[in-house]
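> Once you've had a glance at the structure underneath, I'll fire off some questions.
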Amino acid sequence: MRARPLATAAVLALTTALLSAAAAPACPSAATAASDGRAVTTARLAGNTEVPVRGGSARFDAPPALLAALRARGVAVAEIDAQGQISPHYSTGGMSLGIRSGAVTNSGGKVGGELRFTRAGIALINIKTKKVARVTGFVGNLSQGTLSAVVNRGARITLGTFTRPRTHASIDTETAALRMNIGITVTAAAAARLNAALGTTSFRGGGPLLDVRINASLDPSVDLPTALNLGHGARRAGQEDQEAHGSWG
């Protein structure tokens, strides 16, 4: 009779399947079942985590050469508040913006993620013609190394680009902060847009646009060395970068 051989084969097949399942490694991102039946997703691989930004501030300053070019063409700089009102007082070419939200990642060993700044901005005013370029809604794409904004309430454009800094040198794990000093280079499209709005030739694609100093607060509950794949010595690297660029006050 064939019943016994078939039963034996079935037992062997079942045993092989159970052994294979026990030996298979668990996928780091796979969902598992909790004791109460809920699905539980394990943590993502180290370095792939988005760390939430909880606030902070940034200082934007126009380089001296650009300020000189603007003044030579009769262009003044003034701040715009969060309600969209232009200050009646001209500034020295700089402004401070709060950081509303965002996230930071480790993207290929360099800082990635995004920073969204408060709704305030800066106004460029042609004193002779009264033409104004209102630049608001700043967003920093840290993964692409770009700074975008809205000019005169139009479509969002990429104002400029910057060199992305190393993650290891930009993260202070002790204070849970992202600190960056970056120089923004204006894009050709943004230069043309600003020149057209002001009726000048102050901006040239590829030229310096802004020096930006960022101090962003990260979620203190996150294990930053693990989440951003920083390894040991992350704090020391942050201190070395701080010493190279001055204090973070």
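Each chain of the structure tokens is named A, B, ... in the order shown, its residues numbered from 1; ligands are numbered from 1 in display order.
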Running DSSP on the backbone, which parts of segment 8-231 of chain A land in alpha helix (DSSP H), as a count of residues only?

44

> Using only C-alpha atoms, I'd like a table of the residues in segment 85-117 of chain A that come within 8 Å of segment 138-146 of chain A; for each, show the closest atom pair and its distance in Å rounded to one decimal, ordered by chain and ascending number, as CSV.


residue,atom,partner,partner_atom,distance
A:Val104,CA,A:Leu142,CA,7.9
A:Ser107,CA,A:Ser143,CA,6.7
A:Val111,CA,A:Leu142,CA,6.2
A:Gly112,CA,A:Ser143,CA,3.9
A:Gly113,CA,A:Leu142,CA,5.0
A:Glu114,CA,A:Asn141,CA,4.7
A:Leu115,CA,A:Gly140,CA,5.0
A:Arg116,CA,A:Val139,CA,4.7
A:Phe117,CA,A:Phe138,CA,5.6

> Within 10 Å of Ile99 of chain A, counting only C-alpha atoms, which residues show up once you throw out same-chain ones fewer than 5 positions away? Write them as a compact mmCIF listing (two decimals) with C-alpha atoms, in the first residue's frame, please.


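This is the output file result.txt:
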# COMPACT_ATOMS: atom_id res chain seq x y z
CA VAL A 53 13.71 69.05 14.08
CA ARG A 54 12.10 70.72 17.10
CA GLY A 55 13.03 74.35 16.41
CA GLY A 56 16.08 76.54 16.24
CA SER A 57 17.23 79.58 14.33
CA ALA A 58 19.31 80.64 11.36
CA LEU A 115 14.52 72.65 7.17
CA ARG A 116 11.42 74.83 6.94
CA PHE A 117 11.88 78.38 8.20
CA THR A 118 9.35 80.85 9.58
CA ARG A 119 7.22 82.87 7.19
CA PHE A 138 12.61 79.83 2.82
CA VAL A 139 13.08 76.05 2.70
CA ILE A 214 22.14 77.31 11.24
CA ASN A 215 21.52 76.08 14.76
CA ALA A 216 18.67 73.54 14.71
CA SER A 217 17.35 71.67 17.76

> Counting only C-alpha atoms, figure out which residue out of A:Val150, A:Leu66, A:Leu224, A:Ile80 gets nearest to Ala177 of chain A.

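When distances to Ala177 of chain A are compared using only C-alpha atoms, the smallest one comes from A:Leu224.
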
> Residues of segment 61-156 of chain A within 12 Å of segment 193-213 of chain A: nearest atom pair and distance (Å, one decimal) for each, counting only C-alpha atoms, sorted by chain and number, as a Markdown table?


| residue | atom | partner | partner_atom | distance |
| --- | --- | --- | --- | --- |
| A:Asp61 | CA | A:Asp211 | CA | 5.2 |
| A:Ala62 | CA | A:Leu210 | CA | 4.6 |
| A:Pro63 | CA | A:Leu210 | CA | 6.1 |
| A:Pro64 | CA | A:Pro208 | CA | 9.6 |
| A:Ala65 | CA | A:Pro208 | CA | 8.2 |
| A:Leu66 | CA | A:Leu209 | CA | 7.0 |
| A:Leu67 | CA | A:Ser202 | CA | 9.4 |
| A:Ala68 | CA | A:Ser202 | CA | 9.6 |
| A:Ala69 | CA | A:Ser202 | CA | 6.1 |
| A:Leu70 | CA | A:Ser202 | CA | 5.9 |
| A:Arg71 | CA | A:Ser202 | CA | 9.3 |
| A:Ala72 | CA | A:Ser202 | CA | 8.9 |
| A:Arg73 | CA | A:Thr200 | CA | 7.1 |
| A:Gly74 | CA | A:Thr200 | CA | 9.1 |
| A:Val75 | CA | A:Leu198 | CA | 8.1 |
| A:Ala76 | CA | A:Leu198 | CA | 10.7 |
| A:Val77 | CA | A:Leu198 | CA | 11.9 |
| A:Gly93 | CA | A:Leu210 | CA | 9.5 |
| A:Gly94 | CA | A:Leu210 | CA | 8.8 |
| A:Met95 | CA | A:Val212 | CA | 9.8 |
| A:Ser96 | CA | A:Arg213 | CA | 9.4 |
| A:Leu97 | CA | A:Arg213 | CA | 10.4 |
| A:Gly98 | CA | A:Arg213 | CA | 11.7 |
| A:Ile99 | CA | A:Arg213 | CA | 12.0 |
| A:Ile122 | CA | A:Leu210 | CA | 11.8 |
| A:Ala123 | CA | A:Leu198 | CA | 10.5 |
| A:Leu124 | CA | A:Leu198 | CA | 7.6 |
| A:Ile125 | CA | A:Leu198 | CA | 7.1 |
| A:Asn126 | CA | A:Leu198 | CA | 6.0 |
| A:Ile127 | CA | A:Leu198 | CA | 9.6 |
| A:Lys128 | CA | A:Leu198 | CA | 10.1 |
| A:Thr129 | CA | A:Gly199 | CA | 8.1 |
| A:Lys130 | CA | A:Leu198 | CA | 8.4 |
| A:Lys131 | CA | A:Leu198 | CA | 5.3 |
| A:Val132 | CA | A:Leu198 | CA | 5.9 |
| A:Ala133 | CA | A:Ala197 | CA | 5.6 |
| A:Arg134 | CA | A:Ala197 | CA | 9.0 |
| A:Val135 | CA | A:Leu194 | CA | 9.3 |
| A:Phe138 | CA | A:Val212 | CA | 11.9 |
| A:Gly140 | CA | A:Val212 | CA | 10.7 |
| A:Leu147 | CA | A:Leu210 | CA | 10.1 |
| A:Ala149 | CA | A:Leu194 | CA | 11.8 |
| A:Val150 | CA | A:Arg193 | CA | 10.8 |
| A:Val151 | CA | A:Leu194 | CA | 7.9 |
| A:Asn152 | CA | A:Ala197 | CA | 8.3 |
| A:Arg153 | CA | A:Ala197 | CA | 11.8 |
| A:Gly154 | CA | A:Arg193 | CA | 10.6 |
| A:Ala155 | CA | A:Arg193 | CA | 11.1 |
| A:Arg156 | CA | A:Arg193 | CA | 11.4 |

> May I have the residues from that selection written out with N, CA and C atoms, as a compact mmCIF listing (two decimals), in the first residue's frame?


# COMPACT_ATOMS: atom_id res chain seq x y z
N ASP A 61 23.05 86.29 6.05
CA ASP A 61 23.77 87.54 5.81
C ASP A 61 24.23 87.60 4.35
N ALA A 62 24.00 88.74 3.71
CA ALA A 62 24.51 88.93 2.36
C ALA A 62 26.01 89.20 2.43
N PRO A 63 26.80 88.58 1.56
CA PRO A 63 28.25 88.81 1.57
C PRO A 63 28.57 90.28 1.26
N PRO A 64 29.67 90.79 1.79
CA PRO A 64 30.03 92.20 1.56
C PRO A 64 30.09 92.59 0.09
N ALA A 65 30.59 91.71 -0.77
CA ALA A 65 30.70 92.05 -2.19
C ALA A 65 29.32 92.26 -2.81
N LEU A 66 28.36 91.42 -2.43
CA LEU A 66 27.01 91.57 -2.97
C LEU A 66 26.36 92.83 -2.42
N LEU A 67 26.53 93.10 -1.14
CA LEU A 67 25.97 94.32 -0.56
C LEU A 67 26.50 95.57 -1.27
N ALA A 68 27.80 95.57 -1.58
CA ALA A 68 28.39 96.71 -2.28
C ALA A 68 27.78 96.87 -3.66
N ALA A 69 27.56 95.74 -4.36
CA ALA A 69 26.96 95.80 -5.69
C ALA A 69 25.52 96.31 -5.62
N LEU A 70 24.77 95.89 -4.60
CA LEU A 70 23.39 96.35 -4.45
C LEU A 70 23.35 97.85 -4.17
N ARG A 71 24.18 98.30 -3.26
CA ARG A 71 24.17 99.72 -2.91
C ARG A 71 24.59 100.59 -4.09
N ALA A 72 25.53 100.09 -4.88
CA ALA A 72 25.98 100.85 -6.05
C ALA A 72 24.85 101.03 -7.06
N ARG A 73 23.88 100.15 -7.04
CA ARG A 73 22.75 100.23 -7.96
C ARG A 73 21.49 100.75 -7.28
N GLY A 74 21.65 101.29 -6.10
CA GLY A 74 20.53 101.91 -5.41
C GLY A 74 19.53 100.92 -4.82
N VAL A 75 20.00 99.74 -4.44
CA VAL A 75 19.11 98.72 -3.87
C VAL A 75 19.37 98.61 -2.37
N ALA A 76 18.30 98.74 -1.58
CA ALA A 76 18.39 98.62 -0.13
C ALA A 76 17.76 97.31 0.31
N VAL A 77 18.07 96.92 1.53
CA VAL A 77 17.58 95.65 2.09
C VAL A 77 16.77 95.95 3.35
N GLY A 93 21.78 94.13 5.78
CA GLY A 93 21.96 93.03 4.83
C GLY A 93 21.83 91.66 5.44
N GLY A 94 21.31 91.60 6.66
CA GLY A 94 21.15 90.30 7.30
C GLY A 94 19.81 90.18 8.00
N MET A 95 19.44 88.96 8.32
CA MET A 95 18.20 88.71 9.05
C MET A 95 18.32 87.38 9.78
N SER A 96 17.52 87.24 10.83
CA SER A 96 17.45 85.98 11.57
C SER A 96 16.07 85.38 11.37
N LEU A 97 16.03 84.09 11.09
CA LEU A 97 14.76 83.38 10.91
C LEU A 97 14.70 82.20 11.87
N GLY A 98 13.50 81.97 12.41
CA GLY A 98 13.30 80.77 13.21
C GLY A 98 13.12 79.56 12.32
N ILE A 99 13.35 78.40 12.88
CA ILE A 99 13.12 77.14 12.16
C ILE A 99 11.83 76.54 12.67
N ILE A 122 12.89 88.63 3.51
CA ILE A 122 13.70 89.81 3.23
C ILE A 122 13.18 90.51 1.99
N ALA A 123 13.26 91.84 2.00
CA ALA A 123 12.82 92.64 0.85
C ALA A 123 14.01 93.39 0.26
N LEU A 124 14.14 93.32 -1.05
CA LEU A 124 15.13 94.11 -1.78
C LEU A 124 14.38 95.25 -2.45
N ILE A 125 14.81 96.48 -2.20
CA ILE A 125 14.05 97.64 -2.64
C ILE A 125 14.93 98.52 -3.51
N ASN A 126 14.46 98.75 -4.74
CA ASN A 126 15.12 99.69 -5.63
C ASN A 126 14.63 101.09 -5.26
N ILE A 127 15.50 101.84 -4.60
CA ILE A 127 15.09 103.13 -4.05
C ILE A 127 14.67 104.10 -5.15
N LYS A 128 15.29 104.02 -6.32
CA LYS A 128 14.98 104.96 -7.40
C LYS A 128 13.66 104.64 -8.07
N THR A 129 13.42 103.37 -8.37
CA THR A 129 12.23 102.99 -9.13
C THR A 129 11.09 102.50 -8.24
N LYS A 130 11.39 102.28 -6.94
CA LYS A 130 10.41 101.75 -5.98
C LYS A 130 10.01 100.30 -6.26
N LYS A 131 10.74 99.64 -7.12
CA LYS A 131 10.46 98.23 -7.36
C LYS A 131 10.97 97.40 -6.18
N VAL A 132 10.23 96.33 -5.86
CA VAL A 132 10.55 95.52 -4.70
C VAL A 132 10.56 94.04 -5.06
N ALA A 133 11.55 93.33 -4.53
CA ALA A 133 11.58 91.87 -4.62
C ALA A 133 11.40 91.33 -3.21
N ARG A 134 10.24 90.74 -2.96
CA ARG A 134 9.94 90.16 -1.65
C ARG A 134 10.32 88.68 -1.68
N VAL A 135 11.24 88.29 -0.81
CA VAL A 135 11.72 86.91 -0.79
C VAL A 135 11.30 86.29 0.55
N PHE A 138 11.35 80.55 3.04
CA PHE A 138 12.61 79.83 2.82
C PHE A 138 12.48 78.36 3.25
N GLY A 140 15.14 74.88 3.19
CA GLY A 140 16.43 74.30 2.85
C GLY A 140 16.31 72.81 2.61
N LEU A 147 18.52 75.91 -1.52
CA LEU A 147 17.67 76.80 -0.73
C LEU A 147 16.63 77.38 -1.68
N ALA A 149 12.73 79.52 -2.20
CA ALA A 149 11.91 80.56 -1.59
C ALA A 149 10.88 81.02 -2.62
N VAL A 150 10.00 81.89 -2.18
CA VAL A 150 8.98 82.48 -3.04
C VAL A 150 9.33 83.94 -3.26
N VAL A 151 9.36 84.38 -4.52
CA VAL A 151 9.67 85.76 -4.85
C VAL A 151 8.39 86.45 -5.30
N ASN A 152 8.03 87.52 -4.59
CA ASN A 152 6.83 88.32 -4.90
C ASN A 152 5.58 87.45 -5.03
N ARG A 153 5.45 86.51 -4.10
CA ARG A 153 4.27 85.65 -3.99
C ARG A 153 4.02 84.82 -5.25
N GLY A 154 5.06 84.58 -6.02
CA GLY A 154 4.93 83.75 -7.21
C GLY A 154 5.23 82.29 -6.91
N ALA A 155 5.63 81.57 -7.96
CA ALA A 155 5.95 80.15 -7.79
C ALA A 155 7.28 80.01 -7.05
N ARG A 156 7.40 78.95 -6.29
CA ARG A 156 8.65 78.69 -5.56
C ARG A 156 9.79 78.42 -6.53

> Atom CA of Thr105 of chain A to atom CA of Thr175 of chain A: how many Å, to one decimal?

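Rounded to one decimal, the two atoms are 16.8 Å apart.
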
> Which is closer to Ile171 of chain A than all the others in A:Ala191, A:Gly102, A:Ala227, A:Thr158, using only C-alpha atoms?

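For Ile171 of chain A, the nearest of the given residues is A:Ala227.
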
> Between atom CA of Ser170 of chain A and atom CA of Ile157 of chain A, measure the distance and give it in Å to one decimal.

26.5 Å

> Report the distance between atom CA of Val186 of chain A and atom CA of Ala120 of chain A in Å, rounded to one decimal place.

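Spanning atom CA of Val186 of chain A to atom CA of Ala120 of chain A is a straight-line distance of 19.9 Å.
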
> For Ala103 of chain A, which residue out of A:Ile86, A:Ala192, A:Leu178, A:Ala169 is the nearest one, using only C-alpha atoms?

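Smallest distance to Ala103 of chain A is found for A:Leu178.
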
> Could you write out, as a PyMOL selection string, all the residues of segment 70-183 of chain A that DSSP marks as strand (DSSP E or B)?

chain A and resi 75-80+86-90+94-107+110-117+121-126+132-141+146-151+156-161+166+171-172+177-183

> Of the candidates A:Ala188, A:Asp172, A:Ser148, A:Pro165, which one gets nearest to Pro220 of chain A if we count only C-alpha atoms?

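Going through A:Ala188, A:Asp172, A:Ser148, A:Pro165 one by one, the smallest distance to Pro220 of chain A is for A:Asp172.
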
> For each of A:Thr49, A:Gly108, A:Gly121, A:Phe60, take the minimum atom-to-atom distance to Glu79 of chain A, counting only C-alpha atoms, then give the residue where this is smallest.

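Distance minimum relative to Glu79 of chain A lands on A:Gly121.
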
> Could you tell me which of A:Ile184, A:Asp219, A:Gly109, A:Thr163 comes closest to Gly231 of chain A if we count only C-alpha atoms?

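Counting only C-alpha atoms, the residue closest to Gly231 of chain A is A:Gly109.
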